[in-house]
$ cat my_file33.cif   # mmCIF, C-alpha atoms; chains and numbers go by the auth columns
data_target
#
loop_
_atom_site.group_PDB
_atom_site.id
_atom_site.type_symbol
_atom_site.label_atom_id
_atom_site.label_comp_id
_atom_site.label_asym_id
_atom_site.label_seq_id
_atom_site.Cartn_x
_atom_site.Cartn_y
_atom_site.Cartn_z
_atom_site.B_iso_or_equiv
_atom_site.auth_seq_id
_atom_site.auth_asym_id
ATOM 1 C CA MET A 1 29.662 6.327 9.712 0.00 1314 M
ATOM 2 C CA SER A 2 27.832 7.435 6.572 0.00 1315 M
ATOM 3 C CA TYR A 3 24.379 6.092 5.880 0.00 1316 M
ATOM 4 C CA TYR A 4 24.407 7.208 2.275 0.00 1317 M
ATOM 5 C CA ARG A 5 27.544 5.429 1.170 0.00 1318 M
ATOM 6 C CA ALA A 6 26.887 2.956 -1.617 0.00 1319 M
ATOM 7 C CA SER A 7 27.851 -0.648 -1.120 0.00 1320 M
ATOM 8 C CA ALA A 8 31.179 -1.333 -2.800 0.00 1321 M
ATOM 9 C CA SER A 9 30.518 -5.031 -3.281 0.00 1322 M
ATOM 10 C CA THR A 10 27.980 -6.239 -5.808 0.00 1323 M
ATOM 11 C CA SER A 11 29.512 -9.663 -6.301 0.00 1324 M
ATOM 12 C CA ARG A 12 27.895 -12.907 -5.244 0.00 1325 M
ATOM 13 C CA SER A 13 29.737 -12.879 -1.935 0.00 1326 M
ATOM 14 C CA GLY A 14 28.462 -9.344 -1.296 0.00 1327 M
ATOM 15 C CA ARG A 15 24.860 -10.416 -1.874 0.00 1328 M
ATOM 16 C CA LYS A 16 25.385 -13.537 0.207 0.00 1329 M
ATOM 17 C CA GLY A 17 26.767 -11.362 2.998 0.00 1330 M
ATOM 18 C CA ASN A 18 23.685 -9.138 2.788 0.00 1331 M
ATOM 19 C CA VAL A 19 21.372 -12.137 3.078 0.00 1332 M
ATOM 20 C CA LEU A 20 23.301 -13.499 6.038 0.00 1333 M
ATOM 21 C CA ALA A 21 23.267 -10.093 7.723 0.00 1334 M
ATOM 22 C CA PHE A 22 19.488 -9.853 7.253 0.00 1335 M
ATOM 23 C CA THR A 23 19.009 -13.410 8.501 0.00 1336 M
ATOM 24 C CA ARG A 24 21.012 -12.737 11.643 0.00 1337 M
ATOM 25 C CA ALA A 25 19.166 -9.483 12.350 0.00 1338 M
ATOM 26 C CA TRP A 26 15.743 -11.008 11.747 0.00 1339 M
ATOM 27 C CA ALA A 27 16.546 -14.049 13.872 0.00 1340 M
ATOM 28 C CA ALA A 28 17.536 -11.786 16.760 0.00 1341 M
ATOM 29 C CA GLY A 29 14.361 -9.744 16.323 0.00 1342 M
ATOM 30 C CA ILE A 30 12.162 -12.862 16.217 0.00 1343 M
ATOM 31 C CA VAL A 31 13.730 -14.332 19.350 0.00 1344 M
ATOM 32 C CA VAL A 32 13.447 -11.092 21.312 0.00 1345 M
ATOM 33 C CA LEU A 33 9.872 -10.524 20.133 0.00 1346 M
ATOM 34 C CA ALA A 34 8.800 -14.088 20.969 0.00 1347 M
ATOM 35 C CA VAL A 35 10.360 -14.018 24.435 0.00 1348 M
ATOM 36 C CA SER A 36 9.088 -10.541 25.307 0.00 1349 M
ATOM 37 C CA GLU A 37 5.573 -11.307 24.030 0.00 1350 M
ATOM 38 C CA TYR A 38 5.551 -14.539 26.044 0.00 1351 M
ATOM 39 C CA VAL A 39 6.546 -12.646 29.175 0.00 1352 M
ATOM 40 C CA GLN A 40 3.921 -10.019 28.437 0.00 1353 M
ATOM 41 C CA MET A 41 1.185 -12.607 27.893 0.00 1354 M
ATOM 42 C CA SER A 42 2.055 -14.699 30.935 0.00 1355 M
ATOM 43 C CA LEU A 43 2.755 -11.896 33.401 0.00 1356 M
ATOM 44 C CA VAL A 44 0.653 -8.932 32.314 0.00 1357 M
ATOM 45 C CA TYR A 45 -2.209 -10.184 30.199 0.00 1358 M
ATOM 46 C CA ASP A 46 -3.079 -13.369 32.088 0.00 1359 M
ATOM 47 C CA THR A 47 -2.690 -11.697 35.488 0.00 1360 M
ATOM 48 C CA PHE A 48 -4.398 -8.354 34.964 0.00 1361 M
ATOM 49 C CA VAL A 49 -6.599 -8.588 31.877 0.00 1362 M
ATOM 50 C CA GLY A 50 -8.101 -12.064 31.801 0.00 1363 M
ATOM 51 C CA PRO A 51 -10.060 -13.835 29.069 0.00 1364 M
ATOM 52 C CA ARG A 52 -12.724 -11.127 28.639 0.00 1365 M
ATOM 53 C CA GLY A 53 -10.197 -8.409 27.824 0.00 1366 M
ATOM 54 C CA PRO A 54 -9.777 -4.947 29.280 0.00 1367 M
ATOM 55 C CA ARG A 55 -12.983 -3.212 30.272 0.00 1368 M
ATOM 56 C CA SER A 56 -12.006 0.344 29.290 0.00 1369 M
ATOM 57 C CA PHE A 57 -9.974 2.211 26.720 0.00 1370 M
ATOM 58 C CA GLY A 58 -7.480 3.288 29.389 0.00 1371 M
ATOM 59 C CA GLY A 59 -7.123 -0.299 30.554 0.00 1372 M
ATOM 60 C CA ALA A 60 -6.490 -1.437 26.988 0.00 1373 M
ATOM 61 C CA VAL A 61 -3.812 1.195 26.511 0.00 1374 M
ATOM 62 C CA LEU A 62 -2.121 0.476 29.840 0.00 1375 M
ATOM 63 C CA LEU A 63 -2.348 -3.325 29.868 0.00 1376 M
ATOM 64 C CA VAL A 64 -2.229 -4.245 26.191 0.00 1377 M
ATOM 65 C CA HIS A 65 -0.851 -1.504 23.959 0.00 1378 M
ATOM 66 C CA LEU A 66 1.996 -0.152 26.118 0.00 1379 M
ATOM 67 C CA PRO A 67 3.434 -3.630 26.800 0.00 1380 M
ATOM 68 C CA ASN A 68 3.137 -4.367 23.056 0.00 1381 M
ATOM 69 C CA LEU A 69 5.002 -1.140 22.327 0.00 1382 M
ATOM 70 C CA VAL A 70 7.819 -2.248 24.636 0.00 1383 M
ATOM 71 C CA CYS A 71 7.980 -5.671 22.948 0.00 1384 M
ATOM 72 C CA LEU A 72 8.118 -4.135 19.461 0.00 1385 M
ATOM 73 C CA ALA A 73 10.731 -1.589 20.534 0.00 1386 M
ATOM 74 C CA LEU A 74 12.917 -4.347 21.987 0.00 1387 M
ATOM 75 C CA ALA A 75 12.573 -6.444 18.817 0.00 1388 M
ATOM 76 C CA THR A 76 13.449 -3.468 16.598 0.00 1389 M
ATOM 77 C CA TRP A 77 16.423 -2.584 18.765 0.00 1390 M
ATOM 78 C CA ALA A 78 17.685 -6.201 18.838 0.00 1391 M
ATOM 79 C CA ALA A 79 17.362 -6.626 15.076 0.00 1392 M
ATOM 80 C CA ALA A 80 19.144 -3.334 14.419 0.00 1393 M
ATOM 81 C CA ARG A 81 21.948 -4.183 16.862 0.00 1394 M
ATOM 82 C CA ALA A 82 22.417 -7.641 15.341 0.00 1395 M
ATOM 83 C CA HIS A 83 22.671 -6.259 11.804 0.00 1396 M
ATOM 84 C CA ALA A 84 26.295 -6.677 10.792 0.00 1397 M
ATOM 85 C CA GLU A 85 28.554 -3.604 10.766 0.00 1398 M
ATOM 86 C CA PRO A 86 29.508 -3.280 7.095 0.00 1399 M
ATOM 87 C CA HIS A 87 25.873 -3.711 6.022 0.00 1400 M
ATOM 88 C CA ARG A 88 24.390 -1.199 8.442 0.00 1401 M
ATOM 89 C CA ASP A 89 26.096 1.657 6.578 0.00 1402 M
ATOM 90 C CA HIS A 90 23.322 1.555 3.960 0.00 1403 M
ATOM 91 C CA LEU A 91 20.226 3.242 5.450 0.00 1404 M
ATOM 92 C CA LEU A 92 17.586 1.302 3.515 0.00 1405 M
ATOM 93 C CA ARG A 93 19.157 -2.073 4.275 0.00 1406 M
ATOM 94 C CA HIS A 94 19.579 -1.216 7.938 0.00 1407 M
ATOM 95 C CA ALA A 95 15.970 -0.036 8.221 0.00 1408 M
ATOM 96 C CA THR A 96 14.778 -3.208 6.486 0.00 1409 M
ATOM 97 C CA ALA A 97 16.769 -5.309 8.929 0.00 1410 M
ATOM 98 C CA ALA A 98 15.349 -3.412 11.899 0.00 1411 M
ATOM 99 C CA PHE A 99 11.693 -3.034 10.896 0.00 1412 M
ATOM 100 C CA ALA A 100 10.901 -6.286 9.063 0.00 1413 M
ATOM 101 C CA VAL A 101 10.173 -8.428 12.126 0.00 1414 M
ATOM 102 C CA PRO A 102 7.769 -5.973 13.826 0.00 1415 M
ATOM 103 C CA ALA A 103 6.011 -5.314 10.502 0.00 1416 M
ATOM 104 C CA ALA A 104 5.652 -9.043 9.790 0.00 1417 M
ATOM 105 C CA ALA A 105 4.342 -9.598 13.323 0.00 1418 M
ATOM 106 C CA GLN A 106 1.774 -6.826 12.761 0.00 1419 M
ATOM 107 C CA LEU A 107 0.619 -8.391 9.486 0.00 1420 M
ATOM 108 C CA LEU A 108 0.349 -11.815 11.112 0.00 1421 M
ATOM 109 C CA THR A 109 -1.639 -10.401 14.025 0.00 1422 M
ATOM 110 C CA LEU A 110 -3.998 -8.554 11.695 0.00 1423 M
ATOM 111 C CA ALA A 111 -4.510 -11.657 9.571 0.00 1424 M
ATOM 112 C CA LEU A 112 -5.371 -13.724 12.651 0.00 1425 M
ATOM 113 C CA GLN A 113 -7.611 -11.066 14.235 0.00 1426 M
ATOM 114 C CA TRP A 114 -9.417 -9.791 11.132 0.00 1427 M
ATOM 115 C CA ASN A 115 -12.541 -11.970 11.466 0.00 1428 M
ATOM 116 C CA ARG A 116 -12.746 -11.716 15.247 0.00 1429 M
ATOM 117 C CA PRO A 117 -16.019 -10.228 16.475 0.00 1430 M
ATOM 118 C CA GLY A 118 -15.520 -6.679 17.713 0.00 1431 M
ATOM 119 C CA PHE A 119 -12.399 -6.015 15.640 0.00 1432 M
ATOM 120 C CA GLY A 120 -12.775 -2.554 14.174 0.00 1433 M
ATOM 121 C CA ALA A 121 -11.117 0.595 12.983 0.00 1434 M
ATOM 122 C CA LEU A 122 -10.051 1.600 16.493 0.00 1435 M
ATOM 123 C CA ASP A 123 -8.240 -1.718 16.997 0.00 1436 M
ATOM 124 C CA LEU A 124 -6.527 -1.373 13.636 0.00 1437 M
ATOM 125 C CA GLY A 125 -5.550 2.227 14.328 0.00 1438 M
ATOM 126 C CA MET A 126 -4.225 1.522 17.816 0.00 1439 M
ATOM 127 C CA SER A 127 -2.199 -1.511 16.749 0.00 1440 M
ATOM 128 C CA SER A 128 -0.751 0.449 13.818 0.00 1441 M
ATOM 129 C CA ALA A 129 0.124 3.376 16.086 0.00 1442 M
ATOM 130 C CA VAL A 130 1.779 0.980 18.540 0.00 1443 M
ATOM 131 C CA LEU A 131 3.753 -0.575 15.679 0.00 1444 M
ATOM 132 C CA LEU A 132 5.001 2.807 14.467 0.00 1445 M
ATOM 133 C CA ALA A 133 5.818 4.056 17.970 0.00 1446 M
ATOM 134 C CA GLY A 134 7.566 0.809 18.942 0.00 1447 M
ATOM 135 C CA CYS A 135 9.681 0.853 15.786 0.00 1448 M
ATOM 136 C CA ALA A 136 10.550 4.516 16.315 0.00 1449 M
ATOM 137 C CA VAL A 137 11.570 3.939 19.944 0.00 1450 M
ATOM 138 C CA GLY A 138 13.660 0.866 19.064 0.00 1451 M
ATOM 139 C CA TRP A 139 15.322 2.662 16.146 0.00 1452 M
ATOM 140 C CA ALA A 140 16.063 5.734 18.264 0.00 1453 M
ATOM 141 C CA ALA A 141 17.555 3.598 21.027 0.00 1454 M
ATOM 142 C CA GLU A 142 19.818 1.819 18.566 0.00 1455 M
ATOM 143 C CA ARG A 143 20.871 5.099 16.896 0.00 1456 M
ATOM 144 C CA TRP A 144 21.600 6.638 20.299 0.00 1457 M
ATOM 145 C CA GLN A 145 23.687 3.619 21.244 0.00 1458 M
ATOM 146 C CA VAL A 146 25.668 3.794 17.981 0.00 1459 M
ATOM 147 C CA GLN A 147 26.314 7.517 18.492 0.00 1460 M
ATOM 148 C CA ARG A 148 27.378 6.917 22.074 0.00 1461 M
ATOM 149 C CA ASP A 149 29.790 4.130 21.049 0.00 1462 M
ATOM 150 C CA SER A 150 31.482 6.195 18.332 0.00 1463 M
#

$ encode --input "my_file33.cif" --output "structure tokens"
Amino acid sequence: MSYYRASASTSRSGRKGNVLAFTRAWAAGIVVLAVSEYVQMSLVYDTFVGPRGPRSFGGAVLLVHLPNLVCLALATWAAARAHAEPHRDHLLRHATAAFAVPAAAQLLTLALQWNRPGFGALDLGMSSAVLLAGCAVGWAAERWQVQRDS
């Protein structure tokens, strides 16, 4: 499978197929992210962290950032796996299908948290690092699975 092969179809049906492939991938990513974040919030955050938040940097990493990394990795992996086969041959399109949902979730989270008291550069840096690591882990898992299947 070549990632640098140009798309042969530029007709309306080709563009419509691209949109449908993106929609399917993003829908899978949204569902997986919503379900995994719900499980994280109900099992991990509510049980171990509580309303006041973690009391230490290590606690924040262990109880907030690592579970978020897992959720973002699962969403990236699901979106990449759901991206339709003829469209995943183009690297940029496949990366867009895989990374759009985690990136949009990051932007939404930042927009909602920006005015929160105590939100600072460390929070922004950690959430960005978790986003990048989660996307990298999800992408690597999907690439490994594709290589294993071929």

$ atom_distance --input "my_file33.cif" --atom1 "CA of Pro1415 in chain M" --atom2 "CA of Cys1448 in chain M"
7.4 Å

$ residues_around --input "my_file33.cif" --residues "range 1402-1413 of chain M" --least-positions-apart "4" --cutoff "10 Å" --atoms "only C-alpha atoms" --output "PyMOL selection string"
chain M and resi 1314-1320+1331+1334-1339+1341-1343+1385-1386+1388-1398+1417-1419+1444-1445+1447-1449+1451-1452+1455

$ atom_distance --input "my_file33.cif" --atom1 "CA of Phe1361 in chain M" --atom2 "CA of Val1414 in chain M"
27.1 Å

$ atom_distance --input "my_file33.cif" --atom1 "CA of Leu1387 in chain M" --atom2 "CA of Gly1330 in chain M"
24.5 Å

$ residues_around --input "my_file33.cif" --residues "Val1357 in chain M" --least-positions-apart "6" --cutoff "10 Å" --atoms "only C-alpha atoms" --output "list in words"
Glu1350, Tyr1351, Gly1363, Leu1376, Val1377 and Pro1380 of chain M

$ write_last_selection --input "my_file33.cif" --atoms "C-alpha atoms" --output "CSV table (one decimal), in the coordinates of the input"
chain,number,residue,atom,x,y,z
M,1350,GLU,CA,5.6,-11.3,24.0
M,1351,TYR,CA,5.6,-14.5,26.0
M,1363,GLY,CA,-8.1,-12.1,31.8
M,1376,LEU,CA,-2.3,-3.3,29.9
M,1377,VAL,CA,-2.2,-4.2,26.2
M,1380,PRO,CA,3.4,-3.6,26.8

$ closest_residue --input "my_file33.cif" --among "M:Asn1381, M:Thr1422, M:Ser1355, M:Thr1360" --to "Leu1437 in chain M" --atoms "all atoms listed in the file"
M:Thr1422

$ closest_residue --input "my_file33.cif" --among "M:Cys1384, M:Ala1416, M:Leu1421, M:Ala1434" --to "Ala1347 in chain M" --atoms "all atoms listed in the file"
M:Cys1384

$ decode --input "my_file33.cif" --residues "range 1421-1437 of chain M" --atoms "all heavy atoms" --output "mmCIF file, in the first residue's frame"
data_model
loop_
_atom_site.group_PDB
_atom_site.id
_atom_site.type_symbol
_atom_site.label_atom_id
_atom_site.label_comp_id
_atom_site.auth_asym_id
_atom_site.auth_seq_id
_atom_site.Cartn_x
_atom_site.Cartn_y
_atom_site.Cartn_z
ATOM 1 N N LEU M 1421 -11.943 22.249 21.866
ATOM 2 C CA LEU M 1421 -13.156 22.444 22.661
ATOM 3 C C LEU M 1421 -12.829 22.507 24.146
ATOM 4 O O LEU M 1421 -13.328 23.374 24.874
ATOM 5 C CB LEU M 1421 -14.161 21.324 22.376
ATOM 6 C CG LEU M 1421 -15.459 21.370 23.172
ATOM 7 C CD1 LEU M 1421 -16.250 22.622 22.838
ATOM 8 C CD2 LEU M 1421 -16.285 20.129 22.913
ATOM 9 N N THR M 1422 -11.985 21.611 24.608
ATOM 10 C CA THR M 1422 -11.586 21.609 26.019
ATOM 11 C C THR M 1422 -10.880 22.897 26.386
ATOM 12 O O THR M 1422 -11.163 23.489 27.438
ATOM 13 C CB THR M 1422 -10.683 20.402 26.308
ATOM 14 O OG1 THR M 1422 -11.395 19.209 26.001
ATOM 15 C CG2 THR M 1422 -10.235 20.376 27.748
ATOM 16 N N LEU M 1423 -9.966 23.351 25.553
ATOM 17 C CA LEU M 1423 -9.263 24.603 25.831
ATOM 18 C C LEU M 1423 -10.212 25.793 25.841
ATOM 19 O O LEU M 1423 -10.086 26.687 26.682
ATOM 20 C CB LEU M 1423 -8.143 24.824 24.819
ATOM 21 C CG LEU M 1423 -6.958 23.883 24.921
ATOM 22 C CD1 LEU M 1423 -5.953 24.171 23.817
ATOM 23 C CD2 LEU M 1423 -6.299 23.970 26.281
ATOM 24 N N ALA M 1424 -11.164 25.812 24.927
ATOM 25 C CA ALA M 1424 -12.128 26.910 24.898
ATOM 26 C C ALA M 1424 -12.986 26.930 26.162
ATOM 27 O O ALA M 1424 -13.300 28.002 26.693
ATOM 28 C CB ALA M 1424 -13.019 26.795 23.663
ATOM 29 N N LEU M 1425 -13.347 25.765 26.660
ATOM 30 C CA LEU M 1425 -14.180 25.697 27.866
ATOM 31 C C LEU M 1425 -13.383 25.961 29.134
ATOM 32 O O LEU M 1425 -13.934 26.453 30.115
ATOM 33 C CB LEU M 1425 -14.854 24.325 27.951
ATOM 34 C CG LEU M 1425 -15.876 24.024 26.860
ATOM 35 C CD1 LEU M 1425 -16.369 22.588 26.981
ATOM 36 C CD2 LEU M 1425 -17.038 25.002 26.928
ATOM 37 N N GLN M 1426 -12.099 25.642 29.143
ATOM 38 C CA GLN M 1426 -11.277 25.770 30.347
ATOM 39 C C GLN M 1426 -10.496 27.077 30.421
ATOM 40 O O GLN M 1426 -9.902 27.365 31.454
ATOM 41 C CB GLN M 1426 -10.280 24.600 30.415
ATOM 42 C CG GLN M 1426 -10.908 23.244 30.468
ATOM 43 C CD GLN M 1426 -11.547 22.961 31.813
ATOM 44 O OE1 GLN M 1426 -11.095 23.439 32.834
ATOM 45 N NE2 GLN M 1426 -12.614 22.195 31.802
ATOM 46 N N TRP M 1427 -10.467 27.860 29.356
ATOM 47 C CA TRP M 1427 -9.567 28.998 29.265
ATOM 48 C C TRP M 1427 -9.748 30.002 30.409
ATOM 49 O O TRP M 1427 -8.778 30.516 30.954
ATOM 50 C CB TRP M 1427 -9.768 29.689 27.923
ATOM 51 C CG TRP M 1427 -8.641 30.604 27.614
ATOM 52 C CD1 TRP M 1427 -8.642 31.958 27.716
ATOM 53 C CD2 TRP M 1427 -7.342 30.237 27.161
ATOM 54 N NE1 TRP M 1427 -7.431 32.452 27.347
ATOM 55 C CE2 TRP M 1427 -6.600 31.409 27.001
ATOM 56 C CE3 TRP M 1427 -6.726 29.024 26.879
ATOM 57 C CZ2 TRP M 1427 -5.288 31.421 26.570
ATOM 58 C CZ3 TRP M 1427 -5.421 29.037 26.454
ATOM 59 C CH2 TRP M 1427 -4.718 30.213 26.300
ATOM 60 N N ASN M 1428 -10.955 30.298 30.796
ATOM 61 C CA ASN M 1428 -11.221 31.300 31.833
ATOM 62 C C ASN M 1428 -11.321 30.711 33.231
ATOM 63 O O ASN M 1428 -11.636 31.426 34.180
ATOM 64 C CB ASN M 1428 -12.500 32.067 31.511
ATOM 65 C CG ASN M 1428 -12.334 32.933 30.283
ATOM 66 O OD1 ASN M 1428 -11.259 33.469 30.037
ATOM 67 N ND2 ASN M 1428 -13.386 33.061 29.499
ATOM 68 N N ARG M 1429 -11.067 29.436 33.369
ATOM 69 C CA ARG M 1429 -11.130 28.784 34.672
ATOM 70 C C ARG M 1429 -9.988 29.281 35.551
ATOM 71 O O ARG M 1429 -8.852 29.386 35.106
ATOM 72 C CB ARG M 1429 -11.030 27.269 34.494
ATOM 73 C CG ARG M 1429 -11.174 26.475 35.763
ATOM 74 C CD ARG M 1429 -10.947 25.030 35.459
ATOM 75 N NE ARG M 1429 -9.592 24.895 34.921
ATOM 76 C CZ ARG M 1429 -8.712 24.007 35.332
ATOM 77 N NH1 ARG M 1429 -9.029 23.144 36.247
ATOM 78 N NH2 ARG M 1429 -7.509 23.948 34.819
ATOM 79 N N PRO M 1430 -10.276 29.586 36.805
ATOM 80 C CA PRO M 1430 -9.192 30.011 37.701
ATOM 81 C C PRO M 1430 -8.165 28.888 37.869
ATOM 82 O O PRO M 1430 -8.508 27.724 38.012
ATOM 83 C CB PRO M 1430 -9.901 30.283 39.027
ATOM 84 C CG PRO M 1430 -11.329 30.418 38.694
ATOM 85 C CD PRO M 1430 -11.569 29.642 37.442
ATOM 86 N N GLY M 1431 -6.903 29.240 37.802
ATOM 87 C CA GLY M 1431 -5.840 28.259 37.971
ATOM 88 C C GLY M 1431 -5.370 27.630 36.674
ATOM 89 O O GLY M 1431 -4.421 26.860 36.671
ATOM 90 N N PHE M 1432 -6.023 27.943 35.559
ATOM 91 C CA PHE M 1432 -5.590 27.397 34.275
ATOM 92 C C PHE M 1432 -4.362 28.180 33.831
ATOM 93 O O PHE M 1432 -4.365 29.391 33.749
ATOM 94 C CB PHE M 1432 -6.704 27.524 33.234
ATOM 95 C CG PHE M 1432 -6.364 26.914 31.913
ATOM 96 C CD1 PHE M 1432 -6.507 25.551 31.727
ATOM 97 C CD2 PHE M 1432 -5.889 27.676 30.871
ATOM 98 C CE1 PHE M 1432 -6.189 24.972 30.512
ATOM 99 C CE2 PHE M 1432 -5.572 27.115 29.652
ATOM 100 C CZ PHE M 1432 -5.725 25.763 29.476
ATOM 101 N N GLY M 1433 -3.278 27.463 33.557
ATOM 102 C CA GLY M 1433 -2.044 28.149 33.212
ATOM 103 C C GLY M 1433 -1.266 27.441 32.137
ATOM 104 O O GLY M 1433 -1.756 26.534 31.457
ATOM 105 N N ALA M 1434 -0.023 27.865 32.010
ATOM 106 C CA ALA M 1434 0.849 27.327 30.967
ATOM 107 C C ALA M 1434 1.122 25.835 31.165
ATOM 108 O O ALA M 1434 1.209 25.088 30.195
ATOM 109 C CB ALA M 1434 2.159 28.105 30.936
ATOM 110 N N LEU M 1435 1.239 25.411 32.422
ATOM 111 C CA LEU M 1435 1.486 23.989 32.676
ATOM 112 C C LEU M 1435 0.302 23.142 32.223
ATOM 113 O O LEU M 1435 0.492 22.077 31.611
ATOM 114 C CB LEU M 1435 1.776 23.747 34.157
ATOM 115 C CG LEU M 1435 2.106 22.306 34.545
ATOM 116 C CD1 LEU M 1435 3.357 21.835 33.812
ATOM 117 C CD2 LEU M 1435 2.282 22.188 36.040
ATOM 118 N N ASP M 1436 -0.908 23.599 32.497
ATOM 119 C CA ASP M 1436 -2.105 22.871 32.043
ATOM 120 C C ASP M 1436 -2.153 22.797 30.518
ATOM 121 O O ASP M 1436 -2.450 21.742 29.949
ATOM 122 C CB ASP M 1436 -3.377 23.553 32.556
ATOM 123 C CG ASP M 1436 -3.496 23.516 34.057
ATOM 124 O OD1 ASP M 1436 -3.120 22.488 34.644
ATOM 125 O OD2 ASP M 1436 -3.944 24.519 34.637
ATOM 126 N N LEU M 1437 -1.870 23.905 29.878
ATOM 127 C CA LEU M 1437 -1.874 23.942 28.418
ATOM 128 C C LEU M 1437 -0.793 23.022 27.851
ATOM 129 O O LEU M 1437 -1.044 22.254 26.918
ATOM 130 C CB LEU M 1437 -1.653 25.372 27.921
ATOM 131 C CG LEU M 1437 -1.594 25.569 26.418
ATOM 132 C CD1 LEU M 1437 -2.915 25.183 25.773
ATOM 133 C CD2 LEU M 1437 -1.252 27.010 26.100
#
